Amino acid sequence: MSKMRVAQVTRANGALEIVEREIPEPGAGQVRIKVEACGICHSDAMTKEGLWPGIQYPRVPGHEIAGVVDAVGVGVEGWAKGQRAGVGWHGGHCGYCDSCRRGDFVTCQVAPQVPGIAYDGGYAEYMIAPASALAAIPEGLWAVDAGPLMCAGITTFNSLRNSGAQPGDLVAILGIGGLGHLGIQFAAKMGFKTVGIARDIDKEPLAKKLGAWSYIDSKTQDPAAELLKLGGAKVVLATVTSGDAMSATLGGLGVNGKLMILGAAAEPLQVAGIPLLLGRRSIVGWPSGTSVDSQDTLSFSLLTGVRAMSEVFPLERAAEAYEHMMSGKARFRAVLTIKH
Ligand SMILES: [Zn+2]
Ligand SMILES: [Zn+2]
C-alpha cells in the first residue's frame with residue numbers, strides 16, 4: 001500500500017520505464033494527487049529527450065494531470081481530501097519575483113515550476129503538487145477528458161479569450177492536431193467565424209465537424225489570399241511548429257489582426273514590416289495560463305461540450321503511448337489512465 005508505480009526516465013534520451021517507488025508525502029503548502037489520467041504532451045519531450053536545461057533524473061514526465069486530492073500538507077487552505085483536481089503546465093510560482101508581485105504568475109521569473117520537469121509529474125499513480133497549482137475539476141467531466149484540457153486545452157482556450165477577438169470576428173486556427181482540434185472547437189463555441197487551416201484536404205470534414213465555418217487547404221491554396229477573401233483574420237492562432245506555415249498566414253491578417261504563436265517553430269518567421277506597421281498588425285506568443293485559467297477551461301468545456309479526441313493507454317504502456325504521440329499518429333491526444 002505504501003508503494004506506487006511510476007513511468008520514469010533515468011537520463012536524457014533514456015527509455016520510459018515502469019518502476020515502484022514509495023508513495024510521497026506532501027510537504028507544507030502541497031497536496032498529494034491520486035492520478036486518474038495524464039495526457040501526453042509534445043512538451044514531455046523536454047524531459048524524455050533532455051531538451052530542458054538542468055533536468056534532474058530520474059524524472060517522471062507529465063503535466064496534463066487529472067485526479068483526486070489524496071492527502072493535504074500543512075498550511076493548505078481551500079482543498080480537502082477527496083476533491084477532484086488537475087495540474088497543468090503552470091505547476092507553481094515563487095510568489096516574490098516582480099511578475100508574481102504583479103499577479104502575473106505564469107511569467108514567474110524564478111525557475112518555472114513545470115510538473116514533469118521541475119518535479120515529478122503525472123505518469124504515476126500519485127504525484128505531489130503545490131496547492132496553488134490546482135484546478136478544480138467539475139462533476140460531469142471525466143478524468144480522461146480533463147487531462148488534455150490542462151495543457152492543450154488551456155493554451156488554446158486562454159489565448160483565444162485573451163486575443164481581443166469579439167463574437168463574429170474571423171479567427172483562423174492554423175494546424176489541426178493536438179492543440180488545433182481543440183482550438184477549432186473553442187473558437188466556434190466562443191462565437192468566432194472559425195476557419196481551419198491545414199496542409200491536407202482530407203482534414204476538411206473533421207474541421208467542419210469540430211465547428212469550423214470554413215476551411216483552407218494550405219497545400220493547394222494560399223492561406224493569406226484566402227483569409228483576405230473572407231475579410232481578413234482578426235486572429236490567426238498558430239498551433240503548428242513550422243515557421244514557414246506561420247509566415248504564410250501573415251498576409252491574411254486584417255487591420256489590427258494578430259498572429260498568436262502557441263507552437264515553437266524551429267526556423268525563424270519571415271515578416272514584411274510595412275503591412276504590420278500600416279495595419280497595426282502584430283505577432284505575439286501565448287504561454288498557457290495559471291491554475292484558475294485551467295479551471296475556467298474545464299468549466300467552459302463542460303458547459304459547451306468541447307472535448308479532446310483521445311487515444312487511451314494504461315500507465316504500463318507509457319513508452320508506447322509516448323512514441324505514438326511523438327510520431328504524430330495519435331488522433332489527437334494520447335492519454336494515460338491509472339487504475340487504483
Ligand atoms: Zn503541454
Ligand atoms: Zn515568481
# chains A, B, ... in the order shown; residues from 1 in each chain; ligands from 1
>>> residues_around(residues="stretch 188-200 of chain A", least_positions_apart="6", cutoff="6 Å", atoms="only C-alpha atoms", output="PyMOL selection string")
chain A and resi 167-175+211-219
>>> residues_near_ligand(ligand="ligand 2", cutoff="12 Å", atoms="only C-alpha atoms and all ligand atoms", output="PDB file with N, CA, C and O atoms, in the first residue's frame")
ATOM      1  N   HIS A  90       1.540  25.093 -15.791  1.00  0.00           N
ATOM      2  CA  HIS A  90       1.867  26.028 -14.714  1.00  0.00           C
ATOM      3  C   HIS A  90       1.720  25.295 -13.385  1.00  0.00           C
ATOM      4  O   HIS A  90       0.645  25.218 -12.830  1.00  0.00           O
ATOM      5  N   GLY A  91       2.825  24.767 -12.877  1.00  0.00           N
ATOM      6  CA  GLY A  91       2.753  23.913 -11.701  1.00  0.00           C
ATOM      7  C   GLY A  91       3.192  24.593 -10.425  1.00  0.00           C
ATOM      8  O   GLY A  91       3.586  23.927  -9.474  1.00  0.00           O
ATOM      9  N   GLY A  92       3.115  25.925 -10.381  1.00  0.00           N
ATOM     10  CA  GLY A  92       3.505  26.667  -9.187  1.00  0.00           C
ATOM     11  C   GLY A  92       4.294  27.902  -9.564  1.00  0.00           C
ATOM     12  O   GLY A  92       4.723  28.052 -10.712  1.00  0.00           O
ATOM     13  N   HIS A  93       4.478  28.797  -8.597  1.00  0.00           N
ATOM     14  CA  HIS A  93       5.223  30.032  -8.841  1.00  0.00           C
ATOM     15  C   HIS A  93       5.831  30.495  -7.524  1.00  0.00           C
ATOM     16  O   HIS A  93       5.396  30.072  -6.451  1.00  0.00           O
ATOM     17  N   CYS A  94       6.819  31.396  -7.621  1.00  0.00           N
ATOM     18  CA  CYS A  94       7.602  31.727  -6.420  1.00  0.00           C
ATOM     19  C   CYS A  94       6.843  32.633  -5.456  1.00  0.00           C
ATOM     20  O   CYS A  94       6.987  32.533  -4.253  1.00  0.00           O
ATOM     21  N   GLY A  95       6.036  33.556  -5.988  1.00  0.00           N
ATOM     22  CA  GLY A  95       5.285  34.468  -5.126  1.00  0.00           C
ATOM     23  C   GLY A  95       6.020  35.742  -4.755  1.00  0.00           C
ATOM     24  O   GLY A  95       5.420  36.641  -4.173  1.00  0.00           O
ATOM     25  N   TYR A  96       7.346  35.844  -5.072  1.00  0.00           N
ATOM     26  CA  TYR A  96       8.086  37.038  -4.640  1.00  0.00           C
ATOM     27  C   TYR A  96       8.800  37.786  -5.768  1.00  0.00           C
ATOM     28  O   TYR A  96       9.281  38.889  -5.561  1.00  0.00           O
ATOM     29  N   CYS A  97       8.886  37.210  -6.981  1.00  0.00           N
ATOM     30  CA  CYS A  97       9.561  37.937  -8.072  1.00  0.00           C
ATOM     31  C   CYS A  97       8.648  39.073  -8.574  1.00  0.00           C
ATOM     32  O   CYS A  97       7.487  39.165  -8.172  1.00  0.00           O
ATOM     33  N   ASP A  98       9.169  39.934  -9.435  1.00  0.00           N
ATOM     34  CA  ASP A  98       8.372  41.074  -9.907  1.00  0.00           C
ATOM     35  C   ASP A  98       7.089  40.624 -10.608  1.00  0.00           C
ATOM     36  O   ASP A  98       6.022  41.212 -10.408  1.00  0.00           O
ATOM     37  N   SER A  99       7.181  39.582 -11.468  1.00  0.00           N
ATOM     38  CA  SER A  99       5.978  39.092 -12.149  1.00  0.00           C
ATOM     39  C   SER A  99       4.933  38.629 -11.141  1.00  0.00           C
ATOM     40  O   SER A  99       3.757  38.986 -11.242  1.00  0.00           O
ATOM     41  N   CYS A 100       5.360  37.824 -10.189  1.00  0.00           N
ATOM     42  CA  CYS A 100       4.417  37.315  -9.191  1.00  0.00           C
ATOM     43  C   CYS A 100       3.813  38.452  -8.371  1.00  0.00           C
ATOM     44  O   CYS A 100       2.628  38.441  -8.058  1.00  0.00           O
ATOM     45  N   ARG A 101       4.648  39.444  -8.031  1.00  0.00           N
ATOM     46  CA  ARG A 101       4.125  40.565  -7.245  1.00  0.00           C
ATOM     47  C   ARG A 101       3.124  41.380  -8.043  1.00  0.00           C
ATOM     48  O   ARG A 101       2.322  42.121  -7.471  1.00  0.00           O
ATOM     49  N   ARG A 102       3.174  41.280  -9.370  1.00  0.00           N
ATOM     50  CA  ARG A 102       2.162  41.928 -10.213  1.00  0.00           C
ATOM     51  C   ARG A 102       0.991  40.986 -10.499  1.00  0.00           C
ATOM     52  O   ARG A 102       0.110  41.309 -11.289  1.00  0.00           O
ATOM     53  N   GLY A 103       1.012  39.805  -9.906  1.00  0.00           N
ATOM     54  CA  GLY A 103      -0.077  38.855 -10.107  1.00  0.00           C
ATOM     55  C   GLY A 103      -0.001  38.110 -11.425  1.00  0.00           C
ATOM     56  O   GLY A 103      -0.950  37.427 -11.810  1.00  0.00           O
ATOM     57  N   ASP A 104       1.127  38.238 -12.106  1.00  0.00           N
ATOM     58  CA  ASP A 104       1.290  37.581 -13.417  1.00  0.00           C
ATOM     59  C   ASP A 104       2.101  36.299 -13.212  1.00  0.00           C
ATOM     60  O   ASP A 104       3.262  36.211 -13.582  1.00  0.00           O
ATOM     61  N   PHE A 105       1.448  35.315 -12.602  1.00  0.00           N
ATOM     62  CA  PHE A 105       2.167  34.135 -12.116  1.00  0.00           C
ATOM     63  C   PHE A 105       2.770  33.297 -13.241  1.00  0.00           C
ATOM     64  O   PHE A 105       3.772  32.623 -13.052  1.00  0.00           O
ATOM     65  N   VAL A 106       2.135  33.332 -14.404  1.00  0.00           N
ATOM     66  CA  VAL A 106       2.590  32.430 -15.473  1.00  0.00           C
ATOM     67  C   VAL A 106       3.939  32.873 -16.044  1.00  0.00           C
ATOM     68  O   VAL A 106       4.650  32.070 -16.641  1.00  0.00           O
ATOM     69  N   THR A 107       4.302  34.138 -15.840  1.00  0.00           N
ATOM     70  CA  THR A 107       5.615  34.601 -16.300  1.00  0.00           C
ATOM     71  C   THR A 107       6.599  34.702 -15.133  1.00  0.00           C
ATOM     72  O   THR A 107       7.591  35.436 -15.216  1.00  0.00           O
ATOM     73  N   CYS A 108       6.350  33.974 -14.050  1.00  0.00           N
ATOM     74  CA  CYS A 108       7.264  33.946 -12.880  1.00  0.00           C
ATOM     75  C   CYS A 108       8.715  33.882 -13.360  1.00  0.00           C
ATOM     76  O   CYS A 108       9.077  33.071 -14.201  1.00  0.00           O
ATOM     77  N   GLN A 109       9.542  34.772 -12.802  1.00  0.00           N
ATOM     78  CA  GLN A 109      10.942  34.910 -13.252  1.00  0.00           C
ATOM     79  C   GLN A 109      11.859  33.850 -12.655  1.00  0.00           C
ATOM     80  O   GLN A 109      12.957  33.628 -13.129  1.00  0.00           O
ATOM     81  N   VAL A 110      11.416  33.236 -11.577  1.00  0.00           N
ATOM     82  CA  VAL A 110      12.215  32.185 -10.941  1.00  0.00           C
ATOM     83  C   VAL A 110      11.962  30.899 -11.738  1.00  0.00           C
ATOM     84  O   VAL A 110      10.942  30.779 -12.400  1.00  0.00           O
ATOM     85  N   ALA A 111      12.888  29.957 -11.689  1.00  0.00           N
ATOM     86  CA  ALA A 111      12.811  28.718 -12.479  1.00  0.00           C
ATOM     87  C   ALA A 111      11.383  28.187 -12.551  1.00  0.00           C
ATOM     88  O   ALA A 111      10.776  27.930 -11.516  1.00  0.00           O
ATOM     89  N   PRO A 112      10.809  28.048 -13.758  1.00  0.00           N
ATOM     90  CA  PRO A 112       9.409  27.630 -13.885  1.00  0.00           C
ATOM     91  C   PRO A 112       9.147  26.278 -13.226  1.00  0.00           C
ATOM     92  O   PRO A 112       9.939  25.357 -13.354  1.00  0.00           O
ATOM     93  N   GLN A 113       8.061  26.218 -12.490  1.00  0.00           N
ATOM     94  CA  GLN A 113       7.706  25.005 -11.746  1.00  0.00           C
ATOM     95  C   GLN A 113       6.786  24.145 -12.595  1.00  0.00           C
ATOM     96  O   GLN A 113       5.594  24.054 -12.329  1.00  0.00           O
TER      97      GLN A 113
END
>>> residues_near_ligand(ligand="ligand 1", cutoff="8 Å", atoms="only C-alpha atoms and all ligand atoms", output="MDAnalysis selection string")
chainID A and resid 40:44 63:64 88:89 150:152
>>> write_last_selection(atoms="N, CA, C and O atoms", output="short mmCIF file (atom, residue, chain, number, x, y, z; two decimals), in the first residue's frame")
data_model
loop_
_atom_site.label_atom_id
_atom_site.label_comp_id
_atom_site.auth_asym_id
_atom_site.auth_seq_id
_atom_site.Cartn_x
_atom_site.Cartn_y
_atom_site.Cartn_z
N ILE A 40 -0.47 13.03 -22.67
CA ILE A 40 0.91 13.12 -23.14
C ILE A 40 1.00 14.32 -24.08
O ILE A 40 0.24 14.41 -25.04
N CYS A 41 1.90 15.25 -23.72
CA CYS A 41 2.05 16.49 -24.48
C CYS A 41 3.38 16.44 -25.22
O CYS A 41 4.34 15.82 -24.75
N HIS A 42 3.46 17.12 -26.37
CA HIS A 42 4.75 17.17 -27.09
C HIS A 42 5.86 17.72 -26.20
O HIS A 42 7.02 17.35 -26.34
N SER A 43 5.48 18.61 -25.26
CA SER A 43 6.49 19.20 -24.37
C SER A 43 7.09 18.17 -23.41
O SER A 43 8.10 18.45 -22.76
N ASP A 44 6.49 16.99 -23.31
CA ASP A 44 7.09 15.95 -22.46
C ASP A 44 8.44 15.50 -23.02
O ASP A 44 9.24 14.89 -22.31
N HIS A 63 2.32 16.68 -17.52
CA HIS A 63 1.74 17.92 -16.96
C HIS A 63 0.31 18.13 -17.46
O HIS A 63 -0.16 19.25 -17.57
N GLU A 64 -0.37 17.02 -17.81
CA GLU A 64 -1.82 17.11 -18.13
C GLU A 64 -2.53 16.16 -17.17
O GLU A 64 -3.10 15.15 -17.56
N GLY A 88 -1.57 21.45 -14.47
CA GLY A 88 -1.12 21.64 -15.86
C GLY A 88 0.31 22.13 -15.94
O GLY A 88 1.10 21.96 -15.00
N TRP A 89 0.63 22.76 -17.07
CA TRP A 89 1.99 23.26 -17.31
C TRP A 89 2.44 24.21 -16.21
O TRP A 89 3.57 24.16 -15.74
N MET A 150 -5.78 20.34 -19.54
CA MET A 150 -4.86 21.01 -18.61
C MET A 150 -3.64 21.61 -19.29
O MET A 150 -2.89 22.37 -18.68
N CYS A 151 -3.39 21.23 -20.57
CA CYS A 151 -2.30 21.92 -21.30
C CYS A 151 -2.78 22.29 -22.70
O CYS A 151 -2.89 23.46 -23.02
N ALA A 152 -3.09 21.30 -23.54
CA ALA A 152 -3.57 21.61 -24.89
C ALA A 152 -4.83 22.48 -24.83
O ALA A 152 -5.00 23.42 -25.61
#
>>> closest_residue(among="A:Ala12, A:Leu206, A:Ala131, A:Leu179", to="A:Ile117", atoms="only C-alpha atoms")
A:Ala12
>>> residues_around(residues="stretch 290-303 of chain A", least_positions_apart="3", cutoff="8 Å", atoms="only C-alpha atoms", output="list in words")
Val87, Gly88, His90, Gly91, Phe105, Val106, Ser132, Ala133, Leu134, Ala135, Ala136, Ile137, Pro138, Gly140, Leu141, Ala146, Leu149, Met150, Gly153, Ile154, Phe157, Asn158, Val306 and Arg307 of chain A
>>> atom_distance(atom1="atom CA of A:Gly147", atom2="atom CA of A:Phe313")
13.0 Å
>>> select_by_dssp(residues="stretch 21-214 of chain A", states="strand (DSSP E or B)", output="PyMOL selection string")
chain A and resi 21-22+30-40+59+64-72+84-87+115+119+124+126-130+135-136+170-174+193-198+214
>>> write_last_selection(atoms="N, CA and C atoms", output="tab-separated table (two decimals), in the first residue's frame")
chain	number	residue	atom	x	y	z
A	21	ARG	N	7.97	2.92	-6.51
A	21	ARG	CA	8.57	3.89	-5.59
A	21	ARG	C	7.70	3.98	-4.34
A	22	GLU	N	8.26	4.59	-3.32
A	22	GLU	CA	7.47	4.92	-2.14
A	22	GLU	C	6.44	5.98	-2.53
A	30	GLN	N	1.61	21.82	0.05
A	30	GLN	CA	1.46	20.87	-1.06
A	30	GLN	C	0.30	19.90	-0.82
A	31	VAL	N	-0.15	19.29	-1.90
A	31	VAL	CA	-1.12	18.19	-1.78
A	31	VAL	C	-0.58	16.98	-2.55
A	32	ARG	N	-1.10	15.83	-2.19
A	32	ARG	CA	-0.83	14.63	-2.99
A	32	ARG	C	-2.05	14.34	-3.85
A	33	ILE	N	-1.81	14.13	-5.13
A	33	ILE	CA	-2.89	13.81	-6.08
A	33	ILE	C	-2.83	12.32	-6.39
A	34	LYS	N	-3.97	11.66	-6.25
A	34	LYS	CA	-4.12	10.30	-6.75
A	34	LYS	C	-4.49	10.46	-8.22
A	35	VAL	N	-3.54	10.15	-9.10
A	35	VAL	CA	-3.71	10.44	-10.53
A	35	VAL	C	-4.67	9.43	-11.16
A	36	GLU	N	-5.62	9.94	-11.92
A	36	GLU	CA	-6.55	9.06	-12.64
A	36	GLU	C	-6.24	9.04	-14.13
A	37	ALA	N	-5.75	10.17	-14.65
A	37	ALA	CA	-5.41	10.25	-16.08
A	37	ALA	C	-4.34	11.32	-16.26
A	38	CYS	N	-3.47	11.11	-17.25
A	38	CYS	CA	-2.47	12.13	-17.58
A	38	CYS	C	-2.26	12.13	-19.09
A	39	GLY	N	-2.52	13.26	-19.71
A	39	GLY	CA	-2.30	13.39	-21.14
A	39	GLY	C	-0.82	13.45	-21.46
A	40	ILE	N	-0.47	13.03	-22.67
A	40	ILE	CA	0.91	13.12	-23.14
A	40	ILE	C	1.00	14.32	-24.08
A	59	ARG	N	13.31	11.29	-13.56
A	59	ARG	CA	12.20	12.23	-13.57
A	59	ARG	C	10.97	11.54	-14.18
A	64	GLU	N	-0.37	17.02	-17.81
A	64	GLU	CA	-1.82	17.11	-18.13
A	64	GLU	C	-2.53	16.16	-17.17
A	65	ILE	N	-2.51	16.55	-15.91
A	65	ILE	CA	-2.84	15.64	-14.81
A	65	ILE	C	-4.28	15.86	-14.33
A	66	ALA	N	-5.02	14.77	-14.18
A	66	ALA	CA	-6.36	14.83	-13.60
A	66	ALA	C	-6.48	13.73	-12.56
A	67	GLY	N	-6.99	14.07	-11.40
A	67	GLY	CA	-7.13	13.07	-10.34
A	67	GLY	C	-7.92	13.60	-9.17
A	68	VAL	N	-7.57	13.09	-8.00
A	68	VAL	CA	-8.30	13.42	-6.77
A	68	VAL	C	-7.27	13.77	-5.70
A	69	VAL	N	-7.56	14.81	-4.92
A	69	VAL	CA	-6.68	15.15	-3.79
A	69	VAL	C	-6.75	14.00	-2.79
A	70	ASP	N	-5.57	13.48	-2.46
A	70	ASP	CA	-5.49	12.26	-1.67
A	70	ASP	C	-4.93	12.53	-0.27
A	71	ALA	N	-4.11	13.58	-0.14
A	71	ALA	CA	-3.57	13.99	1.16
A	71	ALA	C	-3.21	15.46	1.06
A	72	VAL	N	-3.35	16.17	2.18
A	72	VAL	CA	-3.15	17.62	2.19
A	72	VAL	C	-2.04	17.96	3.18
A	84	ARG	N	-11.77	16.57	-6.52
A	84	ARG	CA	-11.18	16.32	-7.83
A	84	ARG	C	-10.33	17.53	-8.23
A	85	ALA	N	-9.13	17.26	-8.77
A	85	ALA	CA	-8.23	18.37	-9.11
A	85	ALA	C	-7.31	18.00	-10.26
A	86	GLY	N	-6.93	19.01	-11.02
A	86	GLY	CA	-5.99	18.84	-12.13
A	86	GLY	C	-4.78	19.74	-11.94
A	87	VAL	N	-3.67	19.36	-12.58
A	87	VAL	CA	-2.45	20.18	-12.59
A	87	VAL	C	-1.96	20.24	-14.04
A	115	PRO	N	5.36	20.67	-13.77
A	115	PRO	CA	5.34	19.27	-13.36
A	115	PRO	C	5.99	18.41	-14.45
A	119	TYR	N	9.64	19.00	-11.11
A	119	TYR	CA	9.37	17.95	-10.12
A	119	TYR	C	8.59	16.84	-10.82
A	124	ALA	N	2.13	8.58	-13.29
A	124	ALA	CA	2.34	7.95	-11.99
A	124	ALA	C	1.00	7.71	-11.31
A	126	TYR	N	0.61	8.38	-8.11
A	126	TYR	CA	0.46	9.53	-7.21
A	126	TYR	C	1.51	10.58	-7.59
A	127	MET	N	1.21	11.84	-7.34
A	127	MET	CA	2.20	12.90	-7.51
A	127	MET	C	1.91	14.01	-6.50
A	128	ILE	N	2.96	14.81	-6.24
A	128	ILE	CA	2.85	15.92	-5.28
A	128	ILE	C	2.86	17.22	-6.07
A	129	ALA	N	1.97	18.15	-5.70
A	129	ALA	CA	1.94	19.46	-6.36
A	129	ALA	C	1.67	20.55	-5.33
A	130	PRO	N	2.16	21.78	-5.58
A	130	PRO	CA	1.77	22.89	-4.71
A	130	PRO	C	0.26	23.13	-4.83
A	135	ALA	N	-6.35	23.02	-10.15
A	135	ALA	CA	-7.61	23.47	-10.75
A	135	ALA	C	-8.69	22.48	-10.34
A	136	ALA	N	-9.84	22.98	-9.90
A	136	ALA	CA	-10.95	22.09	-9.53
A	136	ALA	C	-11.56	21.50	-10.80
A	170	LEU	N	-13.49	37.03	-37.57
A	170	LEU	CA	-12.85	35.94	-38.30
A	170	LEU	C	-11.60	35.48	-37.54
A	171	VAL	N	-11.60	34.24	-37.12
A	171	VAL	CA	-10.47	33.67	-36.37
A	171	VAL	C	-10.03	32.39	-37.06
A	172	ALA	N	-8.75	32.31	-37.41
A	172	ALA	CA	-8.23	31.13	-38.09
A	172	ALA	C	-7.40	30.30	-37.12
A	173	ILE	N	-7.58	28.99	-37.19
A	173	ILE	CA	-6.77	28.07	-36.39
A	173	ILE	C	-5.83	27.37	-37.36
A	174	LEU	N	-4.54	27.63	-37.22
A	174	LEU	CA	-3.54	27.06	-38.12
A	174	LEU	C	-3.02	25.75	-37.52
A	193	LYS	N	-16.13	33.44	-36.16
A	193	LYS	CA	-16.26	32.88	-37.51
A	193	LYS	C	-14.96	32.10	-37.74
A	194	THR	N	-15.02	30.80	-37.52
A	194	THR	CA	-13.81	30.00	-37.35
A	194	THR	C	-13.36	29.34	-38.65
A	195	VAL	N	-12.08	29.53	-38.97
A	195	VAL	CA	-11.51	28.95	-40.18
A	195	VAL	C	-10.41	27.98	-39.78
A	196	GLY	N	-10.49	26.75	-40.25
A	196	GLY	CA	-9.41	25.79	-40.03
A	196	GLY	C	-8.43	25.85	-41.19
A	197	ILE	N	-7.14	25.80	-40.89
A	197	ILE	CA	-6.11	25.77	-41.95
A	197	ILE	C	-5.20	24.58	-41.68
A	198	ALA	N	-5.04	23.70	-42.69
A	198	ALA	CA	-4.09	22.59	-42.56
A	198	ALA	C	-3.61	22.20	-43.95
A	214	SER	N	-15.33	27.56	-42.14
A	214	SER	CA	-14.67	27.45	-43.43
A	214	SER	C	-13.34	26.72	-43.26
>>> residues_around(residues="stretch 228-236 of chain A", least_positions_apart="2", cutoff="9 Å", atoms="only C-alpha atoms", output="count of residues only")
30
>>> residues_around(residues="A:Gly54", least_positions_apart="3", cutoff="10 Å", atoms="only C-alpha atoms", output="list in words")
Gly50, Leu51, Tyr57, Ile117 and Ala118 of chain A
>>> write_last_selection(atoms="N, CA, C and O atoms", output="JSON list (two decimals), in the first residue's frame")
[["chain", "number", "residue", "atom", "x", "y", "z"],
["A", 50, "GLY", "N", 15.62, 15.24, -22.77],
["A", 50, "GLY", "CA", 16.58, 16.09, -22.05],
["A", 50, "GLY", "C", 16.80, 17.44, -22.71],
["A", 50, "GLY", "O", 17.89, 18.00, -22.66],
["A", 51, "LEU", "N", 15.75, 18.00, -23.31],
["A", 51, "LEU", "CA", 15.88, 19.27, -24.03],
["A", 51, "LEU", "C", 15.84, 20.48, -23.09],
["A", 51, "LEU", "O", 16.26, 21.56, -23.46],
["A", 57, "TYR", "N", 17.50, 13.84, -13.10],
["A", 57, "TYR", "CA", 16.94, 12.50, -13.30],
["A", 57, "TYR", "C", 17.21, 11.63, -12.08],
["A", 57, "TYR", "O", 18.16, 11.90, -11.36],
["A", 117, "ILE", "N", 9.02, 18.37, -15.14],
["A", 117, "ILE", "CA", 10.31, 18.98, -15.47],
["A", 117, "ILE", "C", 11.00, 19.40, -14.17],
["A", 117, "ILE", "O", 12.07, 18.91, -13.83],
["A", 118, "ALA", "N", 10.35, 20.30, -13.41],
["A", 118, "ALA", "CA", 10.94, 20.77, -12.15],
["A", 118, "ALA", "C", 10.73, 19.76, -11.02],
["A", 118, "ALA", "O", 11.53, 19.69, -10.09]]
>>> closest_residue(among="A:Thr155, A:Ala319, A:Ala272, A:Thr220", to="A:Thr239", atoms="only C-alpha atoms")
A:Thr155
>>> atom_distance(atom1="atom CA of A:His324", atom2="atom CA of A:Lys203")
19.6 Å
